[in-house]
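Have a look at query.cif below; it lists mmCIF, C-alpha atoms.
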data_model
#
loop_
_atom_site.group_PDB
_atom_site.id
_atom_site.type_symbol
_atom_site.label_atom_id
_atom_site.label_comp_id
_atom_site.auth_asym_id
_atom_site.auth_seq_id
_atom_site.Cartn_x
_atom_site.Cartn_y
_atom_site.Cartn_z
ATOM 1 C CA MET A 1 -14.216 28.046 -4.569
ATOM 2 C CA ILE A 2 -13.569 24.353 -4.083
ATOM 3 C CA ALA A 3 -14.206 22.714 -7.400
ATOM 4 C CA ASP A 4 -15.951 19.422 -7.894
ATOM 5 C CA GLU A 5 -14.808 16.476 -10.011
ATOM 6 C CA ALA A 6 -16.284 17.803 -13.240
ATOM 7 C CA SER A 7 -14.768 21.274 -12.803
ATOM 8 C CA LEU A 8 -11.337 19.889 -11.928
ATOM 9 C CA ALA A 9 -11.412 17.486 -14.886
ATOM 10 C CA HIS A 10 -12.401 20.364 -17.196
ATOM 11 C CA LEU A 11 -9.571 22.541 -15.839
ATOM 12 C CA MET A 12 -7.084 19.689 -16.271
ATOM 13 C CA ARG A 13 -8.198 19.066 -19.865
ATOM 14 C CA ALA A 14 -7.765 22.764 -20.617
ATOM 15 C CA SER A 15 -4.371 22.738 -18.880
ATOM 16 C CA GLN A 16 -3.214 19.814 -20.949
ATOM 17 C CA GLY A 17 -4.301 21.790 -23.998
ATOM 18 C CA GLY A 18 -1.999 24.655 -23.008
ATOM 19 C CA ASP A 19 -4.434 27.040 -21.228
ATOM 20 C CA LYS A 20 -2.201 28.755 -18.631
ATOM 21 C CA ALA A 21 -5.064 30.522 -16.858
ATOM 22 C CA ALA A 22 -6.918 27.229 -16.426
ATOM 23 C CA TYR A 23 -3.698 25.664 -15.102
ATOM 24 C CA ARG A 24 -3.290 28.415 -12.468
ATOM 25 C CA VAL A 25 -6.908 27.956 -11.338
ATOM 26 C CA LEU A 26 -6.435 24.167 -11.308
ATOM 27 C CA LEU A 27 -3.342 24.424 -9.122
ATOM 28 C CA SER A 28 -5.045 26.762 -6.656
ATOM 29 C CA GLU A 29 -8.066 24.431 -6.413
ATOM 30 C CA VAL A 30 -5.833 21.390 -6.065
ATOM 31 C CA GLN A 31 -3.896 23.193 -3.338
ATOM 32 C CA LEU A 32 -7.102 23.778 -1.347
ATOM 33 C CA TRP A 33 -8.142 20.151 -1.830
ATOM 34 C CA LEU A 34 -4.717 18.906 -0.722
ATOM 35 C CA GLU A 35 -4.719 21.104 2.386
ATOM 36 C CA ARG A 36 -8.029 19.555 3.443
ATOM 37 C CA TYR A 37 -6.771 16.075 2.543
ATOM 38 C CA PHE A 38 -3.556 16.363 4.609
ATOM 39 C CA ARG A 39 -4.871 18.469 7.496
ATOM 40 C CA ARG A 40 -5.581 15.408 9.675
ATOM 41 C CA ARG A 41 -2.751 13.298 8.304
ATOM 42 C CA VAL A 42 0.334 15.387 9.061
ATOM 43 C CA ALA A 43 1.538 17.890 11.620
ATOM 44 C CA PRO A 44 0.597 21.497 10.819
ATOM 45 C CA ALA A 45 4.264 22.435 10.419
ATOM 46 C CA GLN A 46 4.650 19.830 7.665
ATOM 47 C CA LEU A 47 1.452 20.623 5.768
ATOM 48 C CA ASP A 48 2.780 23.292 3.399
ATOM 49 C CA ASP A 49 5.853 21.280 2.406
ATOM 50 C CA LEU A 50 3.798 18.189 1.650
ATOM 51 C CA VAL A 51 1.226 20.164 -0.355
ATOM 52 C CA GLN A 52 4.051 21.712 -2.391
ATOM 53 C CA GLU A 53 5.588 18.282 -3.022
ATOM 54 C CA VAL A 54 2.276 17.007 -4.353
ATOM 55 C CA LEU A 55 1.758 20.095 -6.491
ATOM 56 C CA MET A 56 5.198 19.508 -8.007
ATOM 57 C CA ALA A 57 4.280 15.880 -8.647
ATOM 58 C CA VAL A 58 1.004 16.935 -10.286
ATOM 59 C CA HIS A 59 2.967 19.348 -12.460
ATOM 60 C CA THR A 60 5.472 16.713 -13.564
ATOM 61 C CA LYS A 61 2.873 13.961 -14.019
ATOM 62 C CA ARG A 62 0.085 16.030 -15.580
ATOM 63 C CA ALA A 63 0.641 14.396 -18.969
ATOM 64 C CA THR A 64 -0.123 10.974 -17.468
ATOM 65 C CA TRP A 65 -3.725 11.879 -16.591
ATOM 66 C CA ASP A 66 -6.191 10.293 -18.978
ATOM 67 C CA PRO A 67 -9.020 12.737 -19.816
ATOM 68 C CA ASP A 68 -11.451 9.804 -20.094
ATOM 69 C CA ARG A 69 -10.891 8.944 -16.424
ATOM 70 C CA PRO A 70 -11.888 10.848 -13.249
ATOM 71 C CA PHE A 71 -9.446 13.477 -12.014
ATOM 72 C CA LEU A 72 -9.848 13.214 -8.206
ATOM 73 C CA PRO A 73 -8.817 9.543 -7.894
ATOM 74 C CA TRP A 74 -5.719 10.335 -9.937
ATOM 75 C CA LEU A 75 -4.935 13.283 -7.653
ATOM 76 C CA ALA A 76 -5.687 11.258 -4.502
ATOM 77 C CA ALA A 77 -3.324 8.501 -5.636
ATOM 78 C CA ILE A 78 -0.495 10.986 -6.099
ATOM 79 C CA ALA A 79 -1.282 12.593 -2.740
ATOM 80 C CA ARG A 80 -1.362 9.234 -0.987
ATOM 81 C CA TYR A 81 1.977 8.103 -2.444
ATOM 82 C CA ARG A 82 3.624 11.398 -1.509
ATOM 83 C CA TRP A 83 2.146 11.137 1.989
ATOM 84 C CA VAL A 84 3.571 7.631 2.430
ATOM 85 C CA ASP A 85 6.964 8.842 1.184
ATOM 86 C CA HIS A 86 6.733 11.741 3.612
ATOM 87 C CA LEU A 87 5.968 9.406 6.533
ATOM 88 C CA ARG A 88 8.899 7.180 5.628
ATOM 89 C CA LYS A 89 11.187 10.192 5.548
ATOM 90 C CA VAL A 90 9.900 11.525 8.872
ATOM 91 C CA TYR A 91 10.221 8.178 10.634
ATOM 92 C CA ARG A 92 13.634 7.492 9.113
ATOM 93 C CA HIS A 93 14.780 10.916 10.290
ATOM 94 C CA ALA A 94 13.382 10.244 13.772
ATOM 95 C CA GLU A 95 15.370 6.990 13.916
ATOM 96 C CA ASP A 96 18.532 8.797 12.791
ATOM 97 C CA GLU A 97 18.140 11.301 15.609
ATOM 98 C CA LEU A 98 18.262 8.600 18.250
ATOM 99 C CA GLY A 99 21.734 8.337 19.637
ATOM 100 C CA ASP A 100 23.657 7.572 22.741
ATOM 101 C CA TRP A 101 22.510 10.826 24.312
ATOM 102 C CA ASP A 102 18.987 9.387 24.381
ATOM 103 C CA ALA A 103 20.084 6.245 26.174
ATOM 104 C CA ALA A 104 19.547 5.936 29.880
ATOM 105 C CA GLU A 105 22.516 6.964 31.935
ATOM 106 C CA ASP A 106 24.423 4.169 33.572
ATOM 107 C CA SER A 107 23.233 4.245 37.116
ATOM 108 C CA ASP A 108 23.445 1.557 39.712
ATOM 109 C CA GLU A 109 20.703 3.226 41.750
ATOM 110 C CA GLU A 110 17.840 1.453 39.986
ATOM 111 C CA ALA A 111 19.585 -1.907 40.165
ATOM 112 C CA VAL A 112 20.289 -1.432 43.869
ATOM 113 C CA MET A 113 16.679 -0.436 44.556
ATOM 114 C CA ALA A 114 15.381 -3.419 42.588
ATOM 115 C CA ARG A 115 17.711 -5.746 44.457
ATOM 116 C CA MET A 116 16.571 -4.347 47.808
ATOM 117 C CA SER A 117 12.927 -4.837 46.836
ATOM 118 C CA LEU A 118 13.663 -8.363 45.723
ATOM 119 C CA GLU A 119 15.436 -9.181 48.971
ATOM 120 C CA ARG A 120 12.415 -7.912 50.908
ATOM 121 C CA LEU A 121 10.163 -10.193 48.912
ATOM 122 C CA PHE A 122 12.479 -13.203 49.192
ATOM 123 C CA VAL A 123 12.144 -13.026 52.995
ATOM 124 C CA HIS A 124 8.597 -14.336 52.598
ATOM 125 C CA LEU A 125 9.711 -17.417 50.624
ATOM 126 C CA PRO A 126 11.297 -20.642 51.811
ATOM 127 C CA ASP A 127 15.076 -20.648 51.212
ATOM 128 C CA LYS A 128 14.884 -23.421 48.583
ATOM 129 C CA GLN A 129 12.392 -21.406 46.498
ATOM 130 C CA SER A 130 14.242 -18.100 46.686
ATOM 131 C CA GLU A 131 17.552 -19.837 45.928
ATOM 132 C CA VAL A 132 16.344 -21.479 42.687
ATOM 133 C CA ILE A 133 14.487 -18.349 41.569
ATOM 134 C CA GLU A 134 17.710 -16.409 42.061
ATOM 135 C CA LEU A 135 19.776 -18.945 40.141
ATOM 136 C CA VAL A 136 17.418 -19.518 37.208
ATOM 137 C CA LYS A 137 15.485 -16.270 36.786
ATOM 138 C CA ILE A 138 18.121 -13.756 37.855
ATOM 139 C CA GLU A 139 21.499 -15.336 37.165
ATOM 140 C CA GLY A 140 20.253 -17.172 34.066
ATOM 141 C CA LEU A 141 21.301 -20.707 34.932
ATOM 142 C CA THR A 142 19.481 -23.603 33.336
ATOM 143 C CA ILE A 143 17.243 -25.900 35.374
ATOM 144 C CA ALA A 144 19.923 -28.611 35.171
ATOM 145 C CA GLU A 145 22.641 -26.234 36.404
ATOM 146 C CA ALA A 146 20.458 -25.005 39.271
ATOM 147 C CA SER A 147 19.628 -28.605 40.150
ATOM 148 C CA GLU A 148 23.310 -29.524 40.270
ATOM 149 C CA ARG A 149 24.241 -26.462 42.331
ATOM 150 C CA THR A 150 21.421 -26.847 44.904
ATOM 151 C CA GLY A 151 21.229 -30.630 45.072
ATOM 152 C CA GLN A 152 17.506 -30.528 44.235
ATOM 153 C CA SER A 153 16.114 -32.673 41.425
ATOM 154 C CA GLU A 154 15.254 -30.861 38.208
ATOM 155 C CA SER A 155 11.535 -31.399 38.740
ATOM 156 C CA LEU A 156 11.827 -30.036 42.309
ATOM 157 C CA VAL A 157 13.658 -26.966 40.974
ATOM 158 C CA LYS A 158 10.782 -26.355 38.536
ATOM 159 C CA VAL A 159 8.175 -26.831 41.275
ATOM 160 C CA ASN A 160 10.022 -24.502 43.662
ATOM 161 C CA ILE A 161 10.325 -21.819 40.965
ATOM 162 C CA HIS A 162 6.645 -22.121 40.108
ATOM 163 C CA ARG A 163 5.479 -21.994 43.716
ATOM 164 C CA GLY A 164 7.898 -19.195 44.623
ATOM 165 C CA LEU A 165 6.872 -16.994 41.693
ATOM 166 C CA LYS A 166 3.217 -17.655 42.448
ATOM 167 C CA LYS A 167 3.724 -16.548 46.067
ATOM 168 C CA LEU A 168 5.727 -13.478 44.992
ATOM 169 C CA SER A 169 2.957 -12.540 42.581
ATOM 170 C CA ALA A 170 0.364 -12.850 45.343
ATOM 171 C CA LEU A 171 2.509 -10.706 47.665
ATOM 172 C CA ILE A 172 2.861 -7.987 45.058
ATOM 173 C CA GLU A 173 -0.862 -7.994 44.252
ATOM 174 C CA LYS A 174 -1.663 -7.818 47.958
ATOM 175 C CA ALA A 175 0.678 -4.854 48.406
ATOM 176 C CA GLU A 176 -1.008 -2.931 45.596
#

Starting from the file, lay out its structure as structure tokens.
Amino acid sequence: MIADEASLAHLMRASQGGDKAAYRVLLSEVQLWLERYFRRRVAPAQLDDLVQEVLMAVHTKRATWDPDRPFLPWLAAIARYRWVDHLRKVYRHAEDELGDWDAAEDSDEEAVMARMSLERLFVHLPDKQSEVIELVKIEGLTIAEASERTGQSESLVKVNIHRGLKKLSALIEKAE
């Protein structure tokens, strides 16, 4: 039996009055309600633990329920707060598990392959464009530093970068 608001409120009032049988029935009904509530919110392996945490919270906080107020919103608030705490714990634990073993292995293979692909693309650009793209976008020089190194004006460096990247983009789109 899944009790409604009125039945749950009646069972809680009786429980607060010391009726142990009513308290057992209340906890079993609350357990069923919580299982439905959490079924789509947590992984199946975590469901029982979370339901038990909420049942413990209901047990410790049962004196805070006001008999003049509805029972289900009170229960839902406890369930929601425990669910949020649970999510924080799960995500914090997931972050703790990340370590160096999860990092990518140092491999020059990808860098070499990327460089080879870049060189193939640079063949299609004028030397001035590929040179400033290399200096500014790959090596990280400023426009002023690239201008000084290549002898091009700063505005010409910007134009050559823009035109070169536009042509590279068109080449890549064409290849796809």

When the PyMOL selection byres ((chain A and resi 29) around 8) is applied to the structure above, which residues does it catch, written out as an mmCIF file with C-alpha atoms, in the coordinates of the input?
data_model
loop_
_atom_site.group_PDB
_atom_site.id
_atom_site.type_symbol
_atom_site.label_atom_id
_atom_site.label_comp_id
_atom_site.auth_asym_id
_atom_site.auth_seq_id
_atom_site.Cartn_x
_atom_site.Cartn_y
_atom_site.Cartn_z
ATOM 1 C CA MET A 1 -14.216 28.046 -4.569
ATOM 2 C CA ILE A 2 -13.569 24.353 -4.083
ATOM 3 C CA ALA A 3 -14.206 22.714 -7.400
ATOM 4 C CA LEU A 8 -11.337 19.889 -11.928
ATOM 5 C CA VAL A 25 -6.908 27.956 -11.338
ATOM 6 C CA LEU A 26 -6.435 24.167 -11.308
ATOM 7 C CA LEU A 27 -3.342 24.424 -9.122
ATOM 8 C CA SER A 28 -5.045 26.762 -6.656
ATOM 9 C CA VAL A 30 -5.833 21.390 -6.065
ATOM 10 C CA GLN A 31 -3.896 23.193 -3.338
ATOM 11 C CA LEU A 32 -7.102 23.778 -1.347
ATOM 12 C CA TRP A 33 -8.142 20.151 -1.830
#

Using all atoms listed in the file, which protein or nucleic acid residues come within 8 Å of Thr150 in chain A? Drop anything in the same chain fewer than 3 positions from it, and give the result as a ChimeraX atom specification. /A:132,146-147

Same residues, C-alpha atoms, saved as a CSV table (one decimal), in the frame of the given file:
chain,number,residue,atom,x,y,z
A,132,VAL,CA,16.3,-21.5,42.7
A,146,ALA,CA,20.5,-25.0,39.3
A,147,SER,CA,19.6,-28.6,40.2

Could you list, as a list in words, every residue within 12 Å of Arg80 in chain A, counting only C-alpha atoms and ignoring same-chain residues fewer than 6 positions away? Leu34, Tyr37, Phe38, Arg41, Val42, Leu50, Val51, Glu53, Val54, Ala57, Leu72, Pro73, Trp74, His86 and Leu87 of chain A

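Comparing A:Leu171, A:Leu121, A:Ala144, A:Leu11 by their smallest distance to Pro67 in chain A, the closest is A:Leu11 (using only C-alpha atoms).
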
Students should find that CA of Ile172 in chain A and CA of Phe122 in chain A are spaced 11.7 Å

Separation of CA of Lys61 in chain A from CA of Ala45 in chain A in Å: 25.9 Å

Out of A:Ala6, A:Ile138, A:Asn160, A:Trp83, which residue has the shortest atom-to-atom distance to Arg39 in chain A when counting all atoms listed in the file? A:Trp83

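Interatomic distance, CA of Ile78 in chain A to CA of Thr64 in chain A: 11.4 Å.
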
Quick one: 4 Å padding each side, axis-aligned, all listed atoms of range 71-74 of chain A - centre and edge lengths in Å to one decimal, as lines of an AutoDock Vina configuration file?
center_x = -7.8
center_y = 11.5
center_z = -10.0
size_x = 12.1
size_y = 11.9
size_z = 12.1
